[in-house]
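Novice: My file is data.cif. It has mmCIF, C-alpha atoms and all ligand atoms:
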```cif
data_entry
loop_
_atom_site.group_PDB
_atom_site.id
_atom_site.type_symbol
_atom_site.label_atom_id
_atom_site.label_comp_id
_atom_site.auth_asym_id
_atom_site.auth_seq_id
_atom_site.Cartn_x
_atom_site.Cartn_y
_atom_site.Cartn_z
ATOM 1 C CA MET A 1 9.879 -60.748 14.590
ATOM 2 C CA TYR A 2 8.072 -61.250 11.268
ATOM 3 C CA VAL A 3 4.713 -61.419 12.976
ATOM 4 C CA SER A 4 5.332 -58.306 14.996
ATOM 5 C CA ALA A 5 6.435 -56.445 11.840
ATOM 6 C CA VAL A 6 3.177 -57.465 10.190
ATOM 7 C CA LEU A 7 1.275 -56.477 13.287
ATOM 8 C CA SER A 8 2.961 -53.110 13.513
ATOM 9 C CA THR A 9 2.291 -52.503 9.805
ATOM 10 C CA LEU A 10 -1.292 -53.474 10.363
ATOM 11 C CA ALA A 11 -1.427 -51.178 13.365
ATOM 12 C CA GLY A 12 -0.027 -48.401 11.171
ATOM 13 C CA VAL A 13 -2.706 -48.956 8.534
ATOM 14 C CA LEU A 14 -5.412 -49.012 11.171
ATOM 15 C CA ALA A 15 -4.012 -45.844 12.744
ATOM 16 C CA LEU A 16 -4.005 -44.195 9.310
ATOM 17 C CA GLN A 17 -7.578 -45.228 8.744
ATOM 18 C CA ALA A 18 -8.524 -43.975 12.154
ATOM 19 C CA SER A 19 -6.909 -40.608 11.573
ATOM 20 C CA ALA A 20 -8.420 -40.398 8.088
ATOM 21 C CA SER A 21 -11.884 -40.973 9.451
ATOM 22 C CA ALA A 22 -11.235 -38.486 12.244
ATOM 23 C CA VAL A 23 -10.991 -35.827 9.510
ATOM 24 C CA PRO A 24 -14.180 -36.291 7.520
ATOM 25 C CA ASN A 25 -13.679 -35.508 3.858
ATOM 26 C CA ASN A 26 -17.040 -33.807 3.622
ATOM 27 C CA VAL A 27 -15.936 -30.882 5.814
ATOM 28 C CA LYS A 28 -18.218 -27.955 5.067
ATOM 29 C CA ARG A 29 -16.419 -25.141 3.245
ATOM 30 C CA SER A 30 -17.527 -21.665 4.140
ATOM 31 C CA PRO A 31 -19.722 -20.363 1.356
ATOM 32 C CA ASN A 32 -18.901 -17.120 -0.434
ATOM 33 C CA LEU A 33 -21.025 -14.221 0.686
ATOM 34 C CA LEU A 34 -22.352 -12.328 -2.317
ATOM 35 C CA MET A 35 -23.336 -8.661 -2.405
ATOM 36 C CA VAL A 36 -25.777 -8.544 -5.300
ATOM 37 C CA PHE A 37 -26.447 -5.338 -7.212
ATOM 38 C CA ASP A 38 -29.627 -5.268 -9.262
ATOM 39 C CA CYS A 39 -28.844 -3.264 -12.382
ATOM 40 C CA ALA A 40 -32.404 -3.367 -13.755
ATOM 41 C CA ASN A 41 -34.306 -0.334 -14.951
ATOM 42 C CA GLY A 42 -31.700 2.259 -14.156
ATOM 43 C CA GLY A 43 -32.198 1.972 -10.380
ATOM 44 C CA LEU A 44 -28.448 1.995 -9.877
ATOM 45 C CA GLY A 45 -27.758 3.700 -13.188
ATOM 46 C CA ASP A 46 -24.192 3.693 -14.376
ATOM 47 C CA VAL A 47 -22.834 2.908 -10.940
ATOM 48 C CA CYS A 48 -23.292 -0.629 -12.281
ATOM 49 C CA ASN A 49 -21.223 0.239 -15.333
ATOM 50 C CA ASN A 50 -18.395 1.461 -13.131
ATOM 51 C CA MET A 51 -18.389 -1.716 -11.071
ATOM 52 C CA CYS A 52 -18.379 -3.815 -14.252
ATOM 53 C CA TYR A 53 -15.536 -1.785 -15.738
ATOM 54 C CA GLY A 54 -13.483 -2.007 -12.554
ATOM 55 C CA ALA A 55 -14.116 -5.721 -12.109
ATOM 56 C CA PHE A 56 -13.423 -6.829 -15.673
ATOM 57 C CA CYS A 57 -11.364 -4.140 -17.363
ATOM 58 C CA ALA A 58 -9.165 -2.837 -14.584
ATOM 59 C CA LYS A 59 -8.310 -6.190 -13.074
ATOM 60 C CA TRP A 60 -10.002 -5.488 -9.761
ATOM 61 C CA GLY A 61 -12.226 -8.526 -9.811
ATOM 62 C CA SER A 62 -15.007 -8.829 -7.305
ATOM 63 C CA SER A 63 -13.608 -10.125 -3.989
ATOM 64 C CA PHE A 64 -13.156 -7.561 -1.263
ATOM 65 C CA THR A 65 -12.906 -7.157 2.486
ATOM 66 C CA TRP A 66 -14.825 -4.519 4.387
ATOM 67 C CA ASP A 67 -12.701 -3.195 7.242
ATOM 68 C CA LYS A 68 -14.913 -0.345 8.478
ATOM 69 C CA PRO A 69 -12.233 2.280 7.863
ATOM 70 C CA SER A 70 -11.916 5.462 9.882
ATOM 71 C CA LYS A 71 -12.887 8.624 8.066
ATOM 72 C CA SER A 72 -9.280 9.594 7.484
ATOM 73 C CA VAL A 73 -8.471 6.192 5.958
ATOM 74 C CA ALA A 74 -11.582 6.411 3.781
ATOM 75 C CA ARG A 75 -10.560 9.887 2.662
ATOM 76 C CA LYS A 76 -7.057 8.689 1.741
ATOM 77 C CA ARG A 77 -8.570 5.901 -0.322
ATOM 78 C CA SER A 78 -10.808 8.356 -2.161
ATOM 79 C CA THR A 79 -7.822 10.498 -2.993
ATOM 80 C CA LYS A 80 -5.991 7.454 -4.385
ATOM 81 C CA ALA A 81 -9.045 6.777 -6.535
ATOM 82 C CA GLY A 82 -9.012 10.295 -7.970
ATOM 83 C CA CYS A 83 -12.194 11.107 -6.038
ATOM 84 C CA GLY A 84 -10.674 13.447 -3.453
ATOM 85 C CA SER A 85 -11.988 16.953 -2.896
ATOM 86 C CA GLY A 86 -12.270 19.115 -5.999
ATOM 87 C CA ASN A 87 -12.369 16.016 -8.221
ATOM 88 C CA ARG A 88 -13.316 16.179 -11.907
ATOM 89 C CA CYS A 89 -16.988 15.307 -11.309
ATOM 90 C CA SER A 90 -17.706 18.675 -9.718
ATOM 91 C CA LYS A 91 -16.651 20.377 -12.943
ATOM 92 C CA ALA A 92 -17.970 20.541 -16.537
ATOM 93 C CA PRO A 93 -19.204 18.487 -18.303
ATOM 94 C CA TYR A 94 -20.444 17.115 -14.981
ATOM 95 C CA GLY A 95 -21.237 19.344 -12.001
ATOM 96 C CA SER A 96 -23.353 19.667 -8.894
ATOM 97 C CA LYS A 97 -25.703 16.794 -9.734
ATOM 98 C CA TYR A 98 -22.772 14.397 -9.969
ATOM 99 C CA GLN A 99 -20.537 12.452 -7.654
ATOM 100 C CA CYS A 100 -17.286 10.617 -8.133
ATOM 101 C CA ASP A 101 -17.963 6.905 -7.832
ATOM 102 C CA GLU A 102 -14.999 4.694 -7.047
ATOM 103 C CA TYR A 103 -14.379 0.972 -7.504
ATOM 104 C CA PRO A 104 -13.419 -0.755 -5.385
ATOM 105 C CA PHE A 105 -15.244 1.159 -2.626
ATOM 106 C CA LYS A 106 -13.400 3.226 -0.052
ATOM 107 C CA SER A 107 -14.862 0.938 2.597
ATOM 108 C CA VAL A 108 -12.733 -2.060 1.562
ATOM 109 C CA GLN A 109 -9.089 -2.628 2.431
ATOM 110 C CA GLU A 110 -8.085 -3.455 -1.162
ATOM 111 C CA SER A 111 -8.440 0.258 -1.948
ATOM 112 C CA ASP A 112 -5.303 0.986 0.094
ATOM 113 C CA LYS A 113 -3.316 -0.228 -2.923
ATOM 114 C CA GLY A 114 -4.567 2.688 -5.056
ATOM 115 C CA GLY A 115 -5.349 2.459 -8.759
ATOM 116 C CA GLN A 116 -9.107 2.298 -8.295
ATOM 117 C CA VAL A 117 -11.277 3.341 -11.228
ATOM 118 C CA ASN A 118 -13.644 6.270 -10.970
ATOM 119 C CA ARG A 119 -16.698 7.440 -12.874
ATOM 120 C CA CYS A 120 -18.819 10.567 -12.580
ATOM 121 C CA VAL A 121 -22.342 9.398 -11.839
ATOM 122 C CA GLU A 122 -25.537 11.175 -10.892
ATOM 123 C CA SER A 123 -25.757 11.444 -7.115
ATOM 124 C CA LYS A 124 -29.030 9.534 -6.978
ATOM 125 C CA TYR A 125 -27.289 6.427 -8.274
ATOM 126 C CA ASN A 126 -24.577 6.699 -5.682
ATOM 127 C CA ASN A 127 -27.278 7.030 -3.034
ATOM 128 C CA ALA A 128 -28.985 3.898 -4.302
ATOM 129 C CA GLN A 129 -25.715 1.968 -4.253
ATOM 130 C CA SER A 130 -24.910 3.182 -0.751
ATOM 131 C CA GLN A 131 -28.186 1.775 0.531
ATOM 132 C CA VAL A 132 -27.341 -1.679 -0.776
ATOM 133 C CA VAL A 133 -23.867 -1.528 0.722
ATOM 134 C CA LYS A 134 -25.059 -0.168 4.070
ATOM 135 C CA ASN A 135 -27.616 -2.895 4.260
ATOM 136 C CA PHE A 136 -25.064 -5.588 3.550
ATOM 137 C CA TYR A 137 -22.447 -4.368 6.036
ATOM 138 C CA ASN A 138 -24.690 -3.495 8.922
ATOM 139 C CA SER A 139 -27.611 -5.871 8.662
ATOM 140 C CA TYR A 140 -30.053 -3.630 10.515
ATOM 141 C CA ALA A 141 -33.523 -4.465 11.745
ATOM 142 C CA ASN A 142 -35.104 -7.052 9.440
ATOM 143 C CA PHE A 143 -31.706 -7.624 7.829
ATOM 144 C CA LYS A 144 -30.268 -9.065 11.022
ATOM 145 C CA GLY A 145 -28.015 -12.056 10.507
ATOM 146 C CA LEU A 146 -27.671 -11.345 6.781
ATOM 147 C CA GLY A 147 -24.549 -9.972 5.134
ATOM 148 C CA CYS A 148 -21.673 -8.889 7.388
ATOM 149 C CA ASP A 149 -23.987 -8.345 10.357
ATOM 150 C CA LYS A 150 -21.769 -5.432 11.548
ATOM 151 C CA LYS A 151 -18.761 -7.746 11.965
ATOM 152 C CA TYR A 152 -15.527 -6.848 10.236
ATOM 153 C CA PRO A 153 -13.236 -7.687 8.584
ATOM 154 C CA CYS A 154 -15.904 -9.161 6.325
ATOM 155 C CA THR A 155 -14.969 -10.734 3.021
ATOM 156 C CA PHE A 156 -17.527 -10.766 0.244
ATOM 157 C CA ARG A 157 -17.934 -10.966 -3.508
ATOM 158 C CA ILE A 158 -19.798 -8.588 -5.739
ATOM 159 C CA SER A 159 -22.166 -9.925 -8.364
ATOM 160 C CA PHE A 160 -24.843 -8.444 -10.568
ATOM 161 C CA SER A 161 -28.358 -9.155 -11.676
ATOM 162 C CA ASN A 162 -29.908 -7.720 -14.835
ATOM 163 C CA SER A 163 -26.518 -6.498 -16.049
ATOM 164 C CA GLY A 164 -26.826 -8.049 -19.520
ATOM 165 C CA ASN A 165 -26.936 -4.737 -21.353
ATOM 166 C CA ILE A 166 -23.751 -3.415 -19.777
ATOM 167 C CA PRO A 167 -20.976 -4.189 -22.261
ATOM 168 C CA TRP A 168 -18.248 -4.543 -19.647
ATOM 169 C CA CYS A 169 -20.365 -7.114 -17.815
ATOM 170 C CA ASN A 170 -21.163 -8.998 -20.966
ATOM 171 C CA ALA A 171 -20.953 -12.761 -20.898
ATOM 172 C CA GLY A 172 -20.019 -13.078 -24.579
ATOM 173 C CA PRO A 173 -16.899 -14.809 -25.788
ATOM 174 C CA ASN A 174 -14.735 -11.742 -26.439
ATOM 175 C CA PRO A 175 -16.100 -8.678 -24.712
ATOM 176 C CA LYS A 176 -13.932 -5.622 -25.117
ATOM 177 C CA CYS A 177 -13.004 -2.913 -22.665
ATOM 178 C CA LYS A 178 -13.478 0.214 -24.737
ATOM 179 C CA ASN A 179 -13.628 3.267 -22.499
ATOM 180 C CA ASP A 180 -16.779 5.323 -23.089
ATOM 181 C CA GLY A 181 -14.878 8.434 -21.994
ATOM 182 C CA ASN A 182 -15.969 8.471 -18.350
ATOM 183 C CA GLU A 183 -13.669 5.820 -16.872
ATOM 184 C CA TYR A 184 -10.738 7.409 -15.103
ATOM 185 C CA ASN A 185 -8.205 6.688 -12.444
ATOM 186 C CA LYS A 186 -6.077 9.115 -10.458
ATOM 187 C CA ASP A 187 -3.790 9.616 -13.448
ATOM 188 C CA GLY A 188 -6.548 10.543 -15.882
ATOM 189 C CA LYS A 189 -8.646 8.851 -18.509
ATOM 190 C CA ILE A 190 -7.925 5.140 -18.714
ATOM 191 C CA PRO A 191 -6.521 4.103 -22.113
ATOM 192 C CA ASP A 192 -8.195 1.254 -23.974
ATOM 193 C CA PRO A 193 -6.364 -2.036 -23.628
ATOM 194 C CA LYS A 194 -5.295 -3.816 -26.836
ATOM 195 C CA LYS A 195 -7.386 -6.717 -25.677
ATOM 196 C CA ARG A 196 -9.309 -7.654 -22.607
ATOM 197 C CA ASP A 197 -6.807 -9.611 -20.597
ATOM 198 C CA THR A 198 -7.995 -9.629 -17.036
ATOM 199 C CA GLY A 199 -8.233 -13.411 -17.111
ATOM 200 C CA LEU A 200 -11.691 -13.104 -15.616
ATOM 201 C CA VAL A 201 -14.451 -14.917 -17.416
ATOM 202 C CA GLY A 202 -17.772 -13.961 -15.952
ATOM 203 C CA LYS A 203 -20.423 -16.600 -15.546
ATOM 204 C CA ARG A 204 -24.102 -16.581 -14.896
ATOM 205 C CA TYR A 205 -25.497 -18.493 -11.985
ATOM 206 C CA ALA A 206 -29.014 -19.454 -11.029
ATOM 207 C CA LEU A 207 -30.268 -18.686 -7.536
ATOM 208 C CA ALA A 208 -32.822 -20.706 -5.606
ATOM 209 C CA SER A 209 -35.401 -17.939 -6.191
ATOM 210 C CA GLY A 210 -35.001 -18.249 -9.966
ATOM 211 C CA GLU A 211 -33.030 -15.001 -10.252
ATOM 212 C CA ILE A 212 -29.911 -15.095 -12.395
ATOM 213 C CA ILE A 213 -26.747 -13.357 -11.267
ATOM 214 C CA TYR A 214 -23.564 -12.611 -13.141
ATOM 215 C CA SER A 215 -20.298 -13.071 -11.291
ATOM 216 C CA PRO A 216 -16.837 -11.985 -12.430
ATOM 217 C CA GLU A 217 -15.267 -14.794 -10.381
ATOM 218 C CA PRO A 218 -16.292 -18.438 -10.086
ATOM 219 C CA LEU A 219 -18.954 -19.246 -7.535
ATOM 220 C CA GLU A 220 -19.944 -22.509 -5.942
ATOM 221 C CA ILE A 221 -23.239 -24.174 -5.273
ATOM 222 C CA GLY A 222 -24.397 -23.072 -1.852
ATOM 223 C CA ASP A 223 -22.832 -19.600 -1.977
ATOM 224 C CA ILE A 224 -25.077 -17.141 -0.179
ATOM 225 C CA ALA A 225 -26.469 -14.262 -2.208
ATOM 226 C CA ILE A 226 -27.819 -11.240 -0.362
ATOM 227 C CA ARG A 227 -30.216 -9.288 -2.543
ATOM 228 C CA THR A 228 -31.645 -5.923 -1.617
ATOM 229 C CA ALA A 229 -34.853 -4.688 -3.178
ATOM 230 C CA PRO A 230 -36.968 -1.575 -2.647
ATOM 231 C CA ILE A 231 -40.394 -2.190 -1.174
ATOM 232 C CA ASN A 232 -41.854 0.834 -2.956
ATOM 233 C CA GLY A 233 -39.914 1.641 -6.119
ATOM 234 C CA THR A 234 -41.381 5.133 -6.456
ATOM 235 C CA LEU A 235 -40.328 6.022 -2.932
ATOM 236 C CA PHE A 236 -36.870 4.527 -3.545
ATOM 237 C CA GLU A 237 -36.453 6.803 -6.528
ATOM 238 C CA GLU A 238 -37.729 9.805 -4.541
ATOM 239 C CA TYR A 239 -35.310 9.183 -1.690
ATOM 240 C CA ASN A 240 -32.366 8.730 -4.007
ATOM 241 C CA SER A 241 -33.093 11.882 -5.974
ATOM 242 C CA ALA A 242 -33.785 14.084 -2.964
ATOM 243 C CA HIS A 243 -30.929 12.969 -0.706
ATOM 244 C CA VAL A 244 -28.048 15.381 -0.405
ATOM 245 C CA LYS A 245 -24.941 13.504 0.594
ATOM 246 C CA ARG A 246 -23.068 15.011 3.502
ATOM 247 C CA ASP A 247 -19.333 14.950 3.891
ATOM 248 C CA LEU A 248 -17.777 12.735 6.505
ATOM 249 C CA ILE A 249 -16.828 15.510 8.848
ATOM 250 C CA ASP A 250 -19.194 15.622 11.756
ATOM 251 C CA GLY A 251 -19.409 13.590 14.916
ATOM 252 C CA GLU A 252 -19.591 9.844 14.809
ATOM 253 C CA GLU A 253 -21.480 9.684 11.573
ATOM 254 C CA THR A 254 -20.099 7.152 9.162
ATOM 255 C CA GLU A 255 -20.632 7.387 5.456
ATOM 256 C CA TYR A 256 -23.611 5.068 5.519
ATOM 257 C CA ASP A 257 -25.411 6.356 8.626
ATOM 258 C CA GLN A 258 -27.016 9.134 6.662
ATOM 259 C CA TYR A 259 -29.087 6.608 4.736
ATOM 260 C CA GLU A 260 -30.710 5.226 7.864
ATOM 261 C CA TYR A 261 -34.055 6.931 7.223
ATOM 262 C CA MET A 262 -34.408 5.069 3.896
ATOM 263 C CA MET A 263 -33.979 1.598 5.350
ATOM 264 C CA HIS A 264 -37.645 1.017 6.117
ATOM 265 C CA ASN A 265 -38.234 0.916 2.359
ATOM 266 C CA LEU A 266 -35.820 -1.944 1.703
ATOM 267 C CA LYS A 267 -36.222 -5.651 1.970
ATOM 268 C CA THR A 268 -33.338 -8.050 2.015
ATOM 269 C CA ILE A 269 -33.561 -11.482 0.515
ATOM 270 C CA ARG A 270 -31.243 -14.321 1.390
ATOM 271 C CA ASP A 271 -30.799 -16.392 -1.717
ATOM 272 C CA GLU A 272 -28.487 -19.220 -2.668
ATOM 273 C CA VAL A 273 -26.504 -20.281 -5.720
ATOM 274 C CA VAL A 274 -27.989 -23.492 -7.099
ATOM 275 C CA GLY A 275 -26.311 -23.887 -10.492
ATOM 276 C CA VAL A 276 -24.391 -22.492 -13.456
ATOM 277 C CA VAL A 277 -26.313 -21.117 -16.429
ATOM 278 C CA PRO A 278 -24.686 -22.299 -19.669
ATOM 279 C CA ASP A 279 -23.380 -19.577 -22.002
ATOM 280 C CA ASP A 280 -25.515 -19.003 -25.036
ATOM 281 C CA ASP A 281 -25.397 -17.074 -28.288
ATOM 282 C CA ASP A 282 -27.567 -14.134 -27.358
ATOM 283 C CA ALA A 283 -24.966 -13.008 -24.845
ATOM 284 C CA ASP A 284 -22.813 -11.737 -27.686
ATOM 285 C CA GLU A 285 -20.387 -8.876 -27.506
ATOM 286 C CA VAL A 286 -21.884 -5.414 -27.728
ATOM 287 C CA TYR A 287 -18.725 -3.447 -28.409
HETATM 288 C C1 LIG B 301 -45.168 4.479 -2.950
HETATM 289 O O1 LIG B 301 -44.548 5.719 -2.741
HETATM 290 C C2 LIG B 301 -45.181 6.794 -3.372
HETATM 291 C C3 LIG B 301 -44.279 8.016 -3.212
HETATM 292 O O2 LIG B 301 -43.989 8.310 -1.894
HETATM 293 C C4 LIG B 301 -46.572 6.981 -2.799
HETATM 294 O O3 LIG B 301 -47.228 8.054 -3.430
HETATM 295 C C5 LIG B 301 -47.354 5.699 -2.994
HETATM 296 O O4 LIG B 301 -48.597 5.799 -2.353
HETATM 297 C C6 LIG B 301 -46.594 4.518 -2.428
HETATM 298 N N1 LIG B 301 -47.282 3.289 -2.801
HETATM 299 C C7 LIG B 301 -47.672 2.412 -1.900
HETATM 300 C C8 LIG B 301 -48.347 1.202 -2.443
HETATM 301 O O5 LIG B 301 -47.505 2.557 -0.716
#
```
Is it possible to give me this structure as structure tokens?
Specialist:
Amino acid sequence: MYVSAVLSTLAGVLALQASASAVPNNVKRSPNLLMVFDCANGGLGDVCNNMCYGAFCAKWGSSFTWDKPSKSVARKRSTKAGCGSGNRCSKAPYGSKYQCDEYPFKSVQESDKGGQVNRCVESKYNNAQSQVVKNFYNSYANFKGLGCDKKYPCTFRISFSNSGNIPWCNAGPNPKCKNDGNEYNKDGKIPDPKKRDTGLVGKRYALASGEIIYSPEPLEIGDIAIRTAPINGTLFEEYNSAHVKRDLIDGEETEYDQYEYMMHNLKTIRDEVVGVVPDDDDADEVY
């Protein structure tokens, strides 16, 4: 009786150990997939500012899921963002050179909720941003296997490089969220908050290549960063300035198809998060 109780306890312990070792505790987590926007030298202009404002000051954060929406769903999302037809960006003080840029994008399911932020930006910057996004979602040609690789739903995180001079993406201790006058939502100009209270504390991370990225949400070592860079910067600028964005009305064209002819001038780099960069004093608040 006693012996068998001991034996059965022992058997229980052994069974526990067996089941514990059957589930290895070093199971690989799936790394975050990062869509990196390079905000250097005005290539993306104030499209970067809008993403920073939306991520940090309007509580949108940076984690989204691409669901390849139909045109009608995308259009509904734009309307909820205040970027529907006849939006403010087509009028003074903006006008024909401008587009209404929305964050989060109309291509992600989070935008169904409404309350996105919008900013009137020069069309060329929207074109530049669209190339990065198209690249990431569709992984064409030499981008194969990177980003979403045409598979959806696809969850990703947005992060930034060279965003240090954008106040809303500032890594300082108490960055504020003062509206510069061009941050709106569907209801109008967004009022300044009493204090920045999104709860998001951005951090800088080092990539294997040596690049530094800034992420609104915590990242982990091993997260995969997809960076897009122009091969010829002059040509990139030419394409972005000359492209006239077409509406999503005809045929099977999706929003991003119209950028296909620019893709030969992009290279995509698969990078990886290797560490956190400690905060320092020169990342102080700007305003
Ligand atoms: C880059 O593009 C510009 C504009 O199209 C062109 O004039 C220049 O020759 C290109 N540079 C190289 C190295 O191909």
Novice: Taking only C-alpha atoms and all ligand atoms into account, which residues have an atom no farther than 7 Å from ligand LIG 301 (chain B)? I'd like them as a list in words.
Specialist: Asn232, Gly233, Thr234, Leu235 and Glu238 of chain A
Novice: Could you check the closest approach to A:Cys169 for each of A:Ser62, A:Gln258, A:Asn87, A:Thr155 and tell me which residue wins, using only C-alpha atoms?
Specialist: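 That would be A:Ser62, the residue with the smallest distance to A:Cys169.
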Novice: Quick one: distance from atom CA of A:Glu217 to atom CA of A:Met51 in Å, one decimal?
Specialist: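 Atom-to-atom, atom CA of A:Glu217 to atom CA of A:Met51, that is 13.5 Å.
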Novice: Name all residues at most 8 Å from stretch 185-188 of chain A (count all atoms listed in the file; drop same-chain ones fewer than 4 positions away) and give them as an MDAnalysis selection string.
Specialist: chainID A and resid 79:83 115:118
Novice: With all atoms listed in the file as the counted atoms, please give the residues lying no more than 9 Å from A:Pro191, apart from itself and same-chain residues fewer than 6 positions off, as a CSV table (one decimal) with C-alpha atoms, in the coordinates of the input.
Specialist:
```
chain,number,residue,atom,x,y,z
A,178,LYS,CA,-13.5,0.2,-24.7
A,179,ASN,CA,-13.6,3.3,-22.5
A,184,TYR,CA,-10.7,7.4,-15.1
```
Novice: Find the residues of stretch 204-259 of chain A that sit at most 10 Å from stretch 126-142 of chain A; for each, write down the nearest two atoms and how far apart they are in Å, to one decimal. Count only C-alpha atoms. Sort by chain, then by number going up, and give it as a tab-separated table.
Specialist:
```
residue	atom	partner	partner_atom	distance
A:Ile226	CA	A:Phe136	CA	7.4
A:Arg227	CA	A:Val132	CA	8.3
A:Thr228	CA	A:Val132	CA	6.1
A:Ala229	CA	A:Val132	CA	8.4
A:Pro230	CA	A:Val132	CA	9.8
A:Phe236	CA	A:Ala128	CA	7.9
A:Glu237	CA	A:Ala128	CA	8.3
A:Tyr239	CA	A:Asn127	CA	8.4
A:Asn240	CA	A:Asn127	CA	5.5
A:Ser241	CA	A:Asn127	CA	8.1
A:Ala242	CA	A:Asn127	CA	9.6
A:His243	CA	A:Asn127	CA	7.3
A:Val244	CA	A:Asn127	CA	8.8
A:Lys245	CA	A:Asn127	CA	7.8
A:Glu255	CA	A:Ser130	CA	8.6
A:Tyr256	CA	A:Lys134	CA	5.6
A:Asp257	CA	A:Lys134	CA	8.0
A:Gln258	CA	A:Gln131	CA	9.6
A:Tyr259	CA	A:Gln131	CA	6.5
```
Novice: Would you mind reading off the distance between atom CA of A:Ser111 and atom CA of A:Asn162, one decimal, in Å?
Specialist: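 That distance, rounded to one decimal, is 26.3 Å.
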Novice: What is the atom CA of A:Pro153 to atom CA of A:Glu110 distance in Å?
Specialist: 11.8 Å
Novice: Which residues are close to stretch 92-108 of chain A, i.e. within 8 Å by all atoms listed in the file, leaving aside same-chain residues fewer than 4 positions away? Reply as a PyMOL selection string.
Specialist: chain A and resi 47+50-51+54+60+64-69+74-75+77-78+81+83+87-88+116-123+126
Novice: Which of these, A:Val36, A:Val73, A:Leu44, A:Ala55, has the shortest distance to A:Leu207 once you count all atoms listed in the file?
Specialist: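 Going through A:Val36, A:Val73, A:Leu44, A:Ala55 one by one, the smallest distance to A:Leu207 is for A:Val36.
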Novice: Nearest residue to A:Met35 out of A:Gly147, A:Gly164, A:Gly222, A:Gly275, using all atoms listed in the file?
Specialist: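 Result for the nearest residue to A:Met35: A:Gly147.
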Novice: Taking into account all atoms listed in the file, which residue in the set A:Ala58, A:Val276, A:Met263, A:Ile231 is nearest to A:Gly210?
Specialist: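 Smallest separation from A:Gly210 among the options: A:Val276.
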Novice: Please evaluate the PyMOL selection byres (((chain A and resi 163) around 12) and not hetatm) against the displayed coordinates and give the resulting residues as an MDAnalysis selection string.
Specialist: chainID A and resid 36:53 159:162 164:171 202:204 212:216 283
Novice: Could you check the closest approach to A:Ala208 for each of A:Ile269, A:Lys176, A:Asp112, A:Phe56 and tell me which residue wins, using all atoms listed in the file?
Specialist: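 Ranked by minimum distance to A:Ala208, first place goes to A:Ile269.
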Novice: A:Asp180, A:Asp223, A:Glu211, A:Glu260: which is nearest A:Val277, counting only C-alpha atoms?
Specialist: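 Counting only C-alpha atoms, the residue closest to A:Val277 is A:Glu211.
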Novice: Name the residues that the PyMOL selection byres (((chain A and resi 224) around 7) and not hetatm) picks from the file above, as a list in words, using the file's chain letters and numbers.
Specialist: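 This file, filtered by the PyMOL selection byres (((chain A and resi 224) around 7) and not hetatm), leaves Pro31, Asn32, Leu33, Leu34, Gly222, Asp223, Ala225, Ile226, Arg270, Asp271, Glu272 and Val273 of chain A.
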